[in-house]
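As provided, query02.tsv (TSV, C-alpha atoms and all ligand atoms) reads as follows.
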```
chain	number	residue	atom	x	y	z
A	1	MET	CA	12.28	197.98	84.48
A	2	ASN	CA	15.94	197.59	83.54
A	3	MET	CA	17.82	199.90	81.19
A	4	PHE	CA	17.42	197.61	78.21
A	5	GLU	CA	13.63	197.36	78.68
A	6	GLU	CA	13.38	201.10	79.15
A	7	LYS	CA	15.28	201.75	75.93
A	8	LYS	CA	13.11	199.28	74.04
A	9	GLN	CA	9.93	200.82	75.41
A	10	LYS	CA	11.11	204.26	74.27
A	11	GLN	CA	11.95	202.96	70.78
A	12	ASP	CA	8.54	201.21	70.53
A	13	MET	CA	6.86	204.49	71.42
A	14	ILE	CA	8.75	206.33	68.66
A	15	ASP	CA	8.00	203.60	66.09
A	16	LYS	CA	4.31	203.59	66.99
A	17	ALA	CA	4.02	207.37	66.78
A	18	MET	CA	5.68	207.43	63.35
A	19	SER	CA	3.96	204.30	61.98
A	20	GLY	CA	1.53	206.21	59.72
A	21	ILE	CA	4.39	208.05	57.99
A	22	LYS	CA	5.49	206.63	54.63
A	23	HIS	CA	8.63	208.69	54.13
A	24	LEU	CA	10.61	210.67	56.65
A	25	VAL	CA	12.96	213.02	54.81
A	26	ALA	CA	15.72	214.82	56.71
A	27	VAL	CA	16.92	218.21	55.46
A	28	GLY	CA	20.39	218.94	56.77
A	29	SER	CA	23.32	221.27	56.15
A	30	GLY	CA	26.93	221.65	57.13
A	31	LYS	CA	26.47	225.19	58.38
A	32	GLY	CA	23.66	227.42	59.59
A	33	GLY	CA	22.21	230.24	57.51
A	34	VAL	CA	22.42	228.50	54.13
A	35	GLY	CA	18.64	228.29	53.66
A	36	LYS	CA	17.97	224.83	55.09
A	37	SER	CA	14.65	225.87	56.68
A	38	THR	CA	13.63	227.75	53.53
A	39	VAL	CA	14.20	224.60	51.49
A	40	ALA	CA	12.39	222.37	54.04
A	41	VAL	CA	9.33	224.64	54.08
A	42	ASN	CA	9.08	225.08	50.31
A	43	LEU	CA	9.71	221.40	49.67
A	44	ALA	CA	6.87	220.55	52.07
A	45	ILE	CA	4.51	223.02	50.36
A	46	SER	CA	5.45	221.79	46.87
A	47	LEU	CA	4.74	218.18	47.86
A	48	ALA	CA	1.40	219.23	49.37
A	49	LYS	CA	0.54	221.08	46.14
A	50	LYS	CA	1.06	217.80	44.29
A	51	GLY	CA	-1.63	216.26	46.47
A	52	PHE	CA	0.50	214.41	48.99
A	53	LYS	CA	-0.24	214.38	52.73
A	54	VAL	CA	2.67	216.28	54.23
A	55	GLY	CA	4.01	217.12	57.67
A	56	LEU	CA	6.90	219.37	58.64
A	57	ALA	CA	8.85	218.87	61.84
A	58	ASP	CA	11.16	221.63	62.98
A	59	ALA	CA	13.99	219.79	64.66
A	60	ASP	CA	16.37	222.74	64.46
A	61	ILE	CA	16.45	222.90	68.21
A	62	HIS	CA	18.97	225.72	68.53
A	63	GLY	CA	17.21	228.00	66.07
A	64	PRO	CA	13.63	226.88	65.38
A	65	SER	CA	12.29	228.96	62.49
A	66	ILE	CA	9.13	227.16	61.30
A	67	PRO	CA	6.81	229.22	63.57
A	68	THR	CA	8.14	232.42	61.94
A	69	LEU	CA	8.16	231.06	58.40
A	70	PHE	CA	4.47	230.12	58.79
A	71	ASN	CA	3.58	233.17	60.83
A	72	ILE	CA	2.16	231.09	63.69
A	73	GLU	CA	4.50	232.20	66.46
A	74	ASN	CA	1.75	233.17	68.86
A	75	GLU	CA	-0.45	230.12	68.43
A	76	GLU	CA	-1.24	227.93	71.42
A	77	VAL	CA	-0.32	224.26	71.19
A	78	MET	CA	-3.33	222.00	71.81
A	79	GLY	CA	-3.20	218.64	73.54
A	80	LYS	CA	-5.44	215.58	73.19
A	81	GLU	CA	-5.78	212.73	75.64
A	82	ILE	CA	-5.75	209.22	74.21
A	83	ASP	CA	-5.88	206.18	76.55
A	84	GLY	CA	-4.89	208.34	79.49
A	85	LYS	CA	-1.85	209.82	77.75
A	86	MET	CA	-1.53	213.37	76.44
A	87	PHE	CA	-0.53	213.92	72.81
A	88	ILE	CA	0.22	217.06	70.84
A	89	VAL	CA	-2.10	218.14	68.04
A	90	PRO	CA	0.02	219.54	65.17
A	91	PHE	CA	-0.91	222.88	63.63
A	92	GLU	CA	-2.24	222.83	60.10
A	93	LYS	CA	-1.44	225.56	57.60
A	94	TYR	CA	-1.40	225.46	53.80
A	95	GLY	CA	-2.50	221.82	54.16
A	96	ILE	CA	0.65	220.88	56.09
A	97	LYS	CA	0.85	219.45	59.60
A	98	LEU	CA	3.44	221.42	61.54
A	99	MET	CA	5.30	220.90	64.76
A	100	SER	CA	8.25	222.82	66.15
A	101	VAL	CA	10.27	222.78	69.30
A	102	GLY	CA	9.84	226.55	69.06
A	103	PHE	CA	6.23	226.20	70.29
A	104	PHE	CA	7.46	224.83	73.60
A	105	VAL	CA	10.59	226.76	74.44
A	106	ASP	CA	11.75	230.31	74.25
A	107	PRO	CA	14.23	230.19	71.32
A	108	SER	CA	16.73	232.26	73.28
A	109	LYS	CA	16.74	229.56	75.99
A	110	ALA	CA	16.86	226.66	73.51
A	111	LEU	CA	20.25	227.99	72.46
A	112	MET	CA	21.66	226.95	75.81
A	113	TRP	CA	20.51	223.36	75.54
A	114	ARG	CA	23.16	220.77	75.15
A	115	GLY	CA	23.44	217.09	74.32
A	116	PRO	CA	21.06	214.62	75.93
A	117	MET	CA	18.59	217.22	77.16
A	118	ALA	CA	18.12	218.65	73.69
A	119	SER	CA	17.92	215.19	72.08
A	120	ASN	CA	15.38	213.90	74.58
A	121	THR	CA	13.12	216.90	74.34
A	122	LEU	CA	13.13	216.73	70.59
A	123	ILE	CA	12.36	213.01	70.48
A	124	GLN	CA	9.54	213.60	72.92
A	125	ILE	CA	8.03	216.36	70.82
A	126	LEU	CA	8.30	214.39	67.56
A	127	SER	CA	7.00	211.12	68.96
A	128	GLU	CA	4.14	212.65	70.93
A	129	THR	CA	2.69	214.55	67.98
A	130	LEU	CA	-0.44	213.11	66.36
A	131	TRP	CA	0.90	213.01	62.80
A	132	GLY	CA	-1.67	210.48	61.57
A	133	GLU	CA	-1.23	209.21	58.02
A	134	LEU	CA	1.39	211.10	55.99
A	135	ASP	CA	3.08	210.50	52.65
A	136	PHE	CA	6.03	212.67	53.68
A	137	LEU	CA	7.28	214.09	56.94
A	138	ILE	CA	9.98	216.65	56.19
A	139	MET	CA	12.35	217.13	59.09
A	140	ASP	CA	14.28	220.41	59.32
A	141	MET	CA	17.43	219.20	61.07
A	142	PRO	CA	19.86	221.33	63.08
A	143	PRO	CA	22.94	222.30	61.02
A	144	GLY	CA	26.15	220.34	61.43
A	145	THR	CA	26.72	217.06	63.21
A	146	GLY	CA	26.05	216.80	66.90
A	147	ASP	CA	24.21	214.71	69.47
A	148	VAL	CA	20.79	215.85	68.30
A	149	GLN	CA	21.39	214.89	64.67
A	150	LEU	CA	22.90	211.58	65.66
A	151	THR	CA	19.96	210.70	67.92
A	152	LEU	CA	17.41	211.71	65.31
A	153	ALA	CA	19.17	209.83	62.56
A	154	SER	CA	19.57	206.67	64.61
A	155	GLN	CA	16.18	206.49	66.36
A	156	PHE	CA	13.87	207.51	63.53
A	157	LYS	CA	13.41	205.50	60.33
A	158	VAL	CA	14.60	208.06	57.81
A	159	SER	CA	13.88	207.21	54.13
A	160	GLY	CA	16.34	209.73	52.78
A	161	SER	CA	18.29	212.87	53.48
A	162	VAL	CA	19.11	215.97	51.47
A	163	PHE	CA	21.73	218.62	52.20
A	164	VAL	CA	21.60	222.31	51.51
A	165	CYS	CA	24.64	224.45	50.70
A	166	THR	CA	25.38	227.79	49.10
A	167	PRO	CA	27.99	228.51	46.43
A	168	GLN	CA	29.84	230.80	48.84
A	169	GLN	CA	30.42	227.89	51.16
A	170	LEU	CA	33.97	227.16	50.12
A	171	ALA	CA	34.76	224.67	52.87
A	172	VAL	CA	33.52	221.27	51.77
A	173	ALA	CA	34.57	219.70	55.04
A	174	ASP	CA	31.44	220.46	57.08
A	175	VAL	CA	29.02	219.30	54.37
A	176	ARG	CA	31.10	216.15	53.99
A	177	ARG	CA	30.97	215.51	57.73
A	178	ALA	CA	27.17	215.86	57.68
A	179	VAL	CA	26.83	213.53	54.68
A	180	ASN	CA	29.22	211.02	56.24
A	181	MET	CA	27.27	210.96	59.49
A	182	PHE	CA	24.16	209.80	57.63
A	183	THR	CA	25.88	207.23	55.47
A	184	ASP	CA	27.89	205.80	58.37
A	185	LYS	CA	27.51	202.02	58.75
A	186	GLY	CA	25.66	202.31	62.04
A	187	ILE	CA	23.08	204.74	60.63
A	188	ASN	CA	22.79	203.96	56.93
A	189	ILE	CA	20.43	206.66	55.71
A	190	PRO	CA	20.35	207.13	51.94
A	191	VAL	CA	21.59	210.55	50.82
A	192	LEU	CA	19.24	211.65	48.02
A	193	GLY	CA	21.41	214.59	47.04
A	194	LEU	CA	22.58	218.16	47.40
A	195	ILE	CA	20.59	221.37	46.95
A	196	GLU	CA	22.49	224.49	46.00
A	197	ASN	CA	20.65	227.49	47.40
A	198	MET	CA	21.27	231.08	46.28
A	199	ALA	CA	22.88	229.51	43.19
A	200	TYR	CA	22.09	232.30	40.71
A	201	PHE	CA	20.15	235.51	40.23
A	202	THR	CA	17.44	236.14	37.64
A	203	PRO	CA	16.18	239.73	37.34
A	204	LYS	CA	12.38	239.99	37.01
A	205	GLU	CA	12.68	241.88	33.73
A	206	LEU	CA	15.12	239.30	32.26
A	207	LEU	CA	13.48	236.00	33.08
A	208	ASP	CA	15.59	233.98	30.65
A	209	LYS	CA	18.88	235.09	32.24
A	210	LYS	CA	20.74	233.42	35.07
A	211	TYR	CA	23.60	235.34	36.66
A	212	TYR	CA	25.90	233.11	38.66
A	213	ILE	CA	27.08	235.78	41.07
A	214	PHE	CA	29.12	233.44	43.25
A	215	GLY	CA	30.44	231.21	40.47
A	216	LYS	CA	28.62	228.77	38.23
A	217	ASP	CA	29.48	225.20	39.00
A	218	GLY	CA	30.14	225.33	42.75
A	219	GLY	CA	27.19	223.09	43.64
A	220	LYS	CA	27.90	220.69	40.81
A	221	GLY	CA	31.55	220.44	41.82
A	222	LEU	CA	30.70	219.89	45.47
A	223	ALA	CA	28.13	217.20	44.62
A	224	GLU	CA	30.69	215.44	42.43
A	225	GLU	CA	33.30	215.66	45.12
A	226	LEU	CA	30.89	214.16	47.66
A	227	GLY	CA	29.72	211.52	45.18
A	228	ILE	CA	26.07	212.57	45.44
A	229	GLU	CA	23.54	214.03	43.01
A	230	LEU	CA	22.87	217.75	42.61
A	231	LEU	CA	19.08	217.79	43.02
A	232	ALA	CA	18.31	221.47	42.56
A	233	GLN	CA	19.69	224.96	42.15
A	234	ILE	CA	17.51	227.53	43.86
A	235	PRO	CA	17.93	231.19	42.87
A	236	ILE	CA	18.79	233.97	45.28
A	237	SER	CA	15.70	236.13	45.36
A	238	GLU	CA	14.30	239.11	47.18
A	239	ASP	CA	10.88	237.44	47.00
A	240	ILE	CA	12.15	234.37	48.89
A	241	SER	CA	13.58	236.56	51.59
A	242	GLN	CA	10.44	238.75	51.83
A	243	THR	CA	7.97	235.88	51.80
A	244	ASN	CA	10.03	234.17	54.51
A	245	ASP	CA	9.81	237.26	56.67
A	246	SER	CA	6.05	237.59	56.18
A	247	GLY	CA	5.30	233.92	56.89
A	248	ASN	CA	3.93	233.38	53.41
A	249	PRO	CA	6.31	230.92	51.71
A	250	ILE	CA	7.17	231.60	48.05
A	251	SER	CA	5.90	228.21	46.89
A	252	MET	CA	2.33	229.27	47.64
A	253	ASP	CA	2.64	231.47	44.54
A	254	PHE	CA	2.26	228.95	41.73
A	255	SER	CA	3.64	231.07	38.92
A	256	SER	CA	7.03	232.19	40.20
A	257	LEU	CA	10.39	230.98	38.98
A	258	GLU	CA	11.33	230.15	42.56
A	259	ALA	CA	8.19	228.03	43.09
A	260	GLU	CA	9.04	226.17	39.88
A	261	ALA	CA	12.52	225.35	41.17
A	262	PHE	CA	11.07	223.98	44.41
A	263	MET	CA	8.41	222.03	42.49
A	264	GLU	CA	11.13	220.36	40.41
A	265	LEU	CA	12.96	219.47	43.61
A	266	ALA	CA	9.75	217.94	45.03
A	267	ASP	CA	9.33	215.88	41.84
A	268	ARG	CA	12.90	214.60	42.03
A	269	ILE	CA	12.59	213.59	45.68
A	270	ASN	CA	9.22	211.95	45.13
A	271	ASN	CA	10.58	210.02	42.14
A	272	LYS	CA	13.60	208.85	44.10
A	273	LEU	CA	11.56	207.64	47.06
A	274	ASN	CA	8.57	206.19	45.24
A	275	LYS	CA	10.38	204.49	42.37
B	301	LIG	P1	19.06	227.97	57.76
B	301	LIG	O1	17.84	227.15	58.04
B	301	LIG	O2	20.09	227.23	56.95
B	301	LIG	O3	19.65	228.62	58.96
B	301	LIG	P2	17.23	229.93	56.59
B	301	LIG	O4	16.32	229.13	55.72
B	301	LIG	O5	16.71	230.36	57.92
B	301	LIG	O6	18.63	229.17	56.77
B	301	LIG	O7	17.74	231.17	55.73
B	301	LIG	C1	18.68	232.10	56.23
B	301	LIG	C2	18.35	233.50	55.70
B	301	LIG	O8	18.54	233.55	54.29
B	301	LIG	C3	16.89	233.89	55.94
B	301	LIG	O9	16.84	235.27	56.23
B	301	LIG	C4	16.21	233.60	54.61
B	301	LIG	O10	15.07	234.41	54.40
B	301	LIG	C5	17.32	233.90	53.62
B	301	LIG	N1	17.26	233.07	52.40
B	301	LIG	C6	17.29	231.72	52.33
B	301	LIG	N2	17.28	231.32	51.03
B	301	LIG	C7	17.24	232.43	50.26
B	301	LIG	C8	17.21	232.68	48.85
B	301	LIG	N3	17.23	231.68	47.95
B	301	LIG	N4	17.15	233.97	48.41
B	301	LIG	C9	17.15	234.98	49.31
B	301	LIG	N5	17.18	234.83	50.65
B	301	LIG	C10	17.23	233.57	51.14
```
Translate this structure into structure tokens?
Ligand code: ADP
Amino acid sequence: MNMFEEKKQKQDMIDKAMSGIKHLVAVGSGKGGVGKSTVAVNLAISLAKKGFKVGLADADIHGPSIPTLFNIENEEVMGKEIDGKMFIVPFEKYGIKLMSVGFFVDPSKALMWRGPMASNTLIQILSETLWGELDFLIMDMPPGTGDVQLTLASQFKVSGSVFVCTPQQLAVADVRRAVNMFTDKGINIPVLGLIENMAYFTPKELLDKKYYIFGKDGGKGLAEELGIELLAQIPISEDISQTNDSGNPISMDFSSLEAEAFMELADRINNKLNK
């Protein structure tokens, strides 16, 4: 087999594996630590609560956090043989199909991975998972713009991307780079919008108040500057942080202010993709 045939065979395999997925949505960010995984997880849960079939793929190869956020770090990955080939059975929790590179590698070792090795492993994991039929597969991307993001964006049919930032993130440059990578002519992935995380604080005893600790219109200004829509402002909240740590995402609690913000985000994304 020559190189061209090999490449085509690989692409066919990816397309076949993802063929039951209606919308692949990439969640990216300019920097790490802004709450990208938190948004990906709660967006996935909110869509599942609306009755959609949802999967969540943890592609954050240098810092996979889905196993922790779902408290399934010690689970064993199961395989299934189909036509003589082994496939990965995704975990299911809260009605969501989950797969993470973190199930296969020690996160401290994944940090050392570079370029093609990281990209190839990730593609393998994503395209060998038995996703079945899904309305949405949410992909938690690595932060920034590197080989892994470029490979994922160019080899998978992504319906849309969203970017997470915080108001403290004064440098626009890295978010812009991430947005530009997706909208580049060769890649052409629609950018659905920006999500400002940790945008304001609402004390539990003053539910009608919003305190913009880090400044009010940072997210709005950044979205305008990038020429994209501001899709959501998520509050900074002790409950988000605690539920993350306990593997019990905040959106499972229907009544909270935080869950409402994520539900609105899910509605917006669904409306944009299923118009
Ligand atoms: P990233 O995926 O961008 O690296 P994470 O989702 O892992 O970011 O979040 C980074 C840290 O910030 C985690 O400890 C998480 O629990 C916390 N965090 C994220 N969003 C919020 C929020 N809205 N309120 C409070 N803590 C948050």
Return as a PDB file with C-alpha atoms, keeping the file's coordinate frame the residues of protein, DNA or RNA that approach ligand LIG 301 (chain B) to within 6 Å, with all atoms listed in the file taken into account.
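Generated output (selection19.pdb):
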```pdb
ATOM      1  CA  GLY A  32      23.660 227.420  59.590  1.00  0.00           C
ATOM      2  CA  GLY A  33      22.210 230.240  57.510  1.00  0.00           C
ATOM      3  CA  VAL A  34      22.420 228.500  54.130  1.00  0.00           C
ATOM      4  CA  GLY A  35      18.640 228.290  53.660  1.00  0.00           C
ATOM      5  CA  LYS A  36      17.970 224.830  55.090  1.00  0.00           C
ATOM      6  CA  SER A  37      14.650 225.870  56.680  1.00  0.00           C
ATOM      7  CA  THR A  38      13.630 227.750  53.530  1.00  0.00           C
ATOM      8  CA  ASN A 197      20.650 227.490  47.400  1.00  0.00           C
ATOM      9  CA  MET A 198      21.270 231.080  46.280  1.00  0.00           C
ATOM     10  CA  ILE A 234      17.510 227.530  43.860  1.00  0.00           C
ATOM     11  CA  PRO A 235      17.930 231.190  42.870  1.00  0.00           C
ATOM     12  CA  ILE A 236      18.790 233.970  45.280  1.00  0.00           C
ATOM     13  CA  SER A 237      15.700 236.130  45.360  1.00  0.00           C
ATOM     14  CA  GLU A 238      14.300 239.110  47.180  1.00  0.00           C
ATOM     15  CA  ILE A 240      12.150 234.370  48.890  1.00  0.00           C
ATOM     16  CA  SER A 241      13.580 236.560  51.590  1.00  0.00           C
ATOM     17  CA  ASN A 244      10.030 234.170  54.510  1.00  0.00           C
TER      18      ASN A 244
END
```
Sorted by chain and rising residue number, which residues of range 120-215 of chain A lie within 9 Å of range 10-22 of chain A, and what are their closest atom pairs and distances in Å to one decimal, counting all atoms listed in the file, as a Markdown table?
```
| residue | atom | partner | partner_atom | distance |
| --- | --- | --- | --- | --- |
| A:Ile123 | CA | A:Ile14 | CA | 7.8 |
| A:Gln124 | CA | A:Ile14 | CA | 8.5 |
| A:Leu126 | CA | A:Ile14 | CA | 8.1 |
| A:Ser127 | CA | A:Ile14 | CA | 5.1 |
| A:Glu128 | CA | A:Ala17 | CA | 6.7 |
| A:Thr129 | CA | A:Ala17 | CA | 7.4 |
| A:Leu130 | CA | A:Ala17 | CA | 7.3 |
| A:Trp131 | CA | A:Met18 | CA | 7.4 |
| A:Gly132 | CA | A:Gly20 | CA | 5.6 |
| A:Glu133 | CA | A:Gly20 | CA | 4.4 |
| A:Leu134 | CA | A:Ile21 | CA | 4.7 |
| A:Asp135 | CA | A:Lys22 | CA | 5.0 |
| A:Phe136 | CA | A:Lys22 | CA | 6.1 |
| A:Leu137 | CA | A:Ile21 | CA | 6.8 |
| A:Gln155 | CA | A:Gln11 | CA | 7.1 |
| A:Phe156 | CA | A:Ile14 | CA | 7.3 |
| A:Lys157 | CA | A:Asp15 | CA | 8.1 |
| A:Ser159 | CA | A:Lys22 | CA | 8.4 |
```
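Using all atoms listed in the file, the contacts of Ile189 in chain A at a cut-off of 8 Å, with sequence neighbours closer than 2 positions omitted, comprise Ala153, Val158, Ser159, Gly160, Ser161, Phe182, Thr183, Asp184, Ile187 and Val191 of chain A.
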Just how far from CA of Gly146 in chain A is CA of Val41 in chain A, in Å to one decimal?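 We find that CA of Val41 in chain A and CA of Gly146 in chain A lie 22.5 Å from each other.
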Tell me, as a list in words, which residues lie within 12 Å of Thr243 in chain A, counting only C-alpha atoms; anything in the same chain fewer than 4 positions away does not count.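 Result of the neighbour search: Thr38, Val41, Asn42, Thr68, Leu69, Phe70, Asn71, Ser237, Glu238, Asp239, Gly247, Asn248, Pro249, Ile250, Ser251, Met252, Asp253, Glu258 and Ala259 of chain A.
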Shortest interatomic distance to Ala118 in chain A - which of A:Val148, A:Ala178, A:Ala199, A:Leu207, counting only C-alpha atoms: A:Val148
Closest of A:Leu206, A:Ala266, A:Ala57, A:Val172 to Leu226 in chain A - atom-to-atom distances counting only C-alpha atoms: A:Val172
Between CA of Ile96 in chain A and CA of Leu194 in chain A lies a distance of 23.7 Å
Rank A:Ile61, A:Leu257, A:Met3, A:Met263 by their smallest atom-to-atom distance to Pro203 in chain A, using only C-alpha atoms, and report the top residue only.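 Looking only at the distances to Pro203 in chain A, the closest residue turns out to be A:Leu257.
Our summary of the geometry notes that CA of Phe52 in chain A is positioned 22.3 Å from CA of Ile72 in chain A.
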Counting only C-alpha atoms, the residue of A:Leu56, A:Lys204, A:Asp174, A:Gly227 that sits nearest Ser256 in chain A: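 Comparing A:Leu56, A:Lys204, A:Asp174, A:Gly227 against Ser256 in chain A, the winner is A:Lys204.
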Kindly reconstruct range 65-78 of chain A with N, CA, C and O atoms and present the result as an mmCIF file, in the frame of the given file.
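Generated file (part.cif):
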```
data_model
loop_
_atom_site.group_PDB
_atom_site.id
_atom_site.type_symbol
_atom_site.label_atom_id
_atom_site.label_comp_id
_atom_site.auth_asym_id
_atom_site.auth_seq_id
_atom_site.Cartn_x
_atom_site.Cartn_y
_atom_site.Cartn_z
ATOM 1 N N SER A 65 12.787 227.836 63.283
ATOM 2 C CA SER A 65 12.290 228.960 62.490
ATOM 3 C C SER A 65 10.944 228.709 61.824
ATOM 4 O O SER A 65 10.377 229.602 61.217
ATOM 5 N N ILE A 66 10.418 227.476 61.948
ATOM 6 C CA ILE A 66 9.130 227.160 61.300
ATOM 7 C C ILE A 66 7.992 228.076 61.808
ATOM 8 O O ILE A 66 7.205 228.568 61.000
ATOM 9 N N PRO A 67 7.898 228.339 63.121
ATOM 10 C CA PRO A 67 6.810 229.220 63.570
ATOM 11 C C PRO A 67 6.844 230.580 62.863
ATOM 12 O O PRO A 67 5.799 231.105 62.480
ATOM 13 N N THR A 68 8.037 231.135 62.635
ATOM 14 C CA THR A 68 8.140 232.420 61.940
ATOM 15 C C THR A 68 7.808 232.272 60.463
ATOM 16 O O THR A 68 7.057 233.074 59.897
ATOM 17 N N LEU A 69 8.360 231.226 59.841
ATOM 18 C CA LEU A 69 8.160 231.060 58.400
ATOM 19 C C LEU A 69 6.687 230.806 58.052
ATOM 20 O O LEU A 69 6.271 231.031 56.929
ATOM 21 N N PHE A 70 5.902 230.328 59.025
ATOM 22 C CA PHE A 70 4.470 230.120 58.790
ATOM 23 C C PHE A 70 3.614 231.148 59.523
ATOM 24 O O PHE A 70 2.405 231.034 59.555
ATOM 25 N N ASN A 71 4.276 232.110 60.112
ATOM 26 C CA ASN A 71 3.580 233.170 60.830
ATOM 27 C C ASN A 71 2.578 232.627 61.861
ATOM 28 O O ASN A 71 1.425 233.049 61.907
ATOM 29 N N ILE A 72 3.042 231.667 62.663
ATOM 30 C CA ILE A 72 2.160 231.090 63.690
ATOM 31 C C ILE A 72 2.873 231.116 65.055
ATOM 32 O O ILE A 72 2.659 230.238 65.892
ATOM 33 N N GLU A 73 3.689 232.151 65.232
ATOM 34 C CA GLU A 73 4.500 232.200 66.460
ATOM 35 C C GLU A 73 3.671 232.309 67.739
ATOM 36 O O GLU A 73 4.098 231.861 68.790
ATOM 37 N N ASN A 74 2.502 232.951 67.629
ATOM 38 C CA ASN A 74 1.750 233.170 68.860
ATOM 39 C C ASN A 74 0.619 232.188 69.077
ATOM 40 O O ASN A 74 -0.237 232.382 69.926
ATOM 41 N N GLU A 75 0.618 231.121 68.283
ATOM 42 C CA GLU A 75 -0.450 230.120 68.430
ATOM 43 C C GLU A 75 -0.222 229.269 69.684
ATOM 44 O O GLU A 75 0.918 229.031 70.082
ATOM 45 N N GLU A 76 -1.324 228.816 70.250
ATOM 46 C CA GLU A 76 -1.240 227.930 71.420
ATOM 47 C C GLU A 76 -1.233 226.477 70.957
ATOM 48 O O GLU A 76 -2.029 226.081 70.104
ATOM 49 N N VAL A 77 -0.351 225.679 71.531
ATOM 50 C CA VAL A 77 -0.320 224.260 71.190
ATOM 51 C C VAL A 77 -1.471 223.554 71.922
ATOM 52 O O VAL A 77 -1.681 223.771 73.107
ATOM 53 N N MET A 78 -2.213 222.722 71.193
ATOM 54 C CA MET A 78 -3.330 222.000 71.810
ATOM 55 C C MET A 78 -2.908 220.557 72.108
ATOM 56 O O MET A 78 -2.140 219.960 71.361
#
```
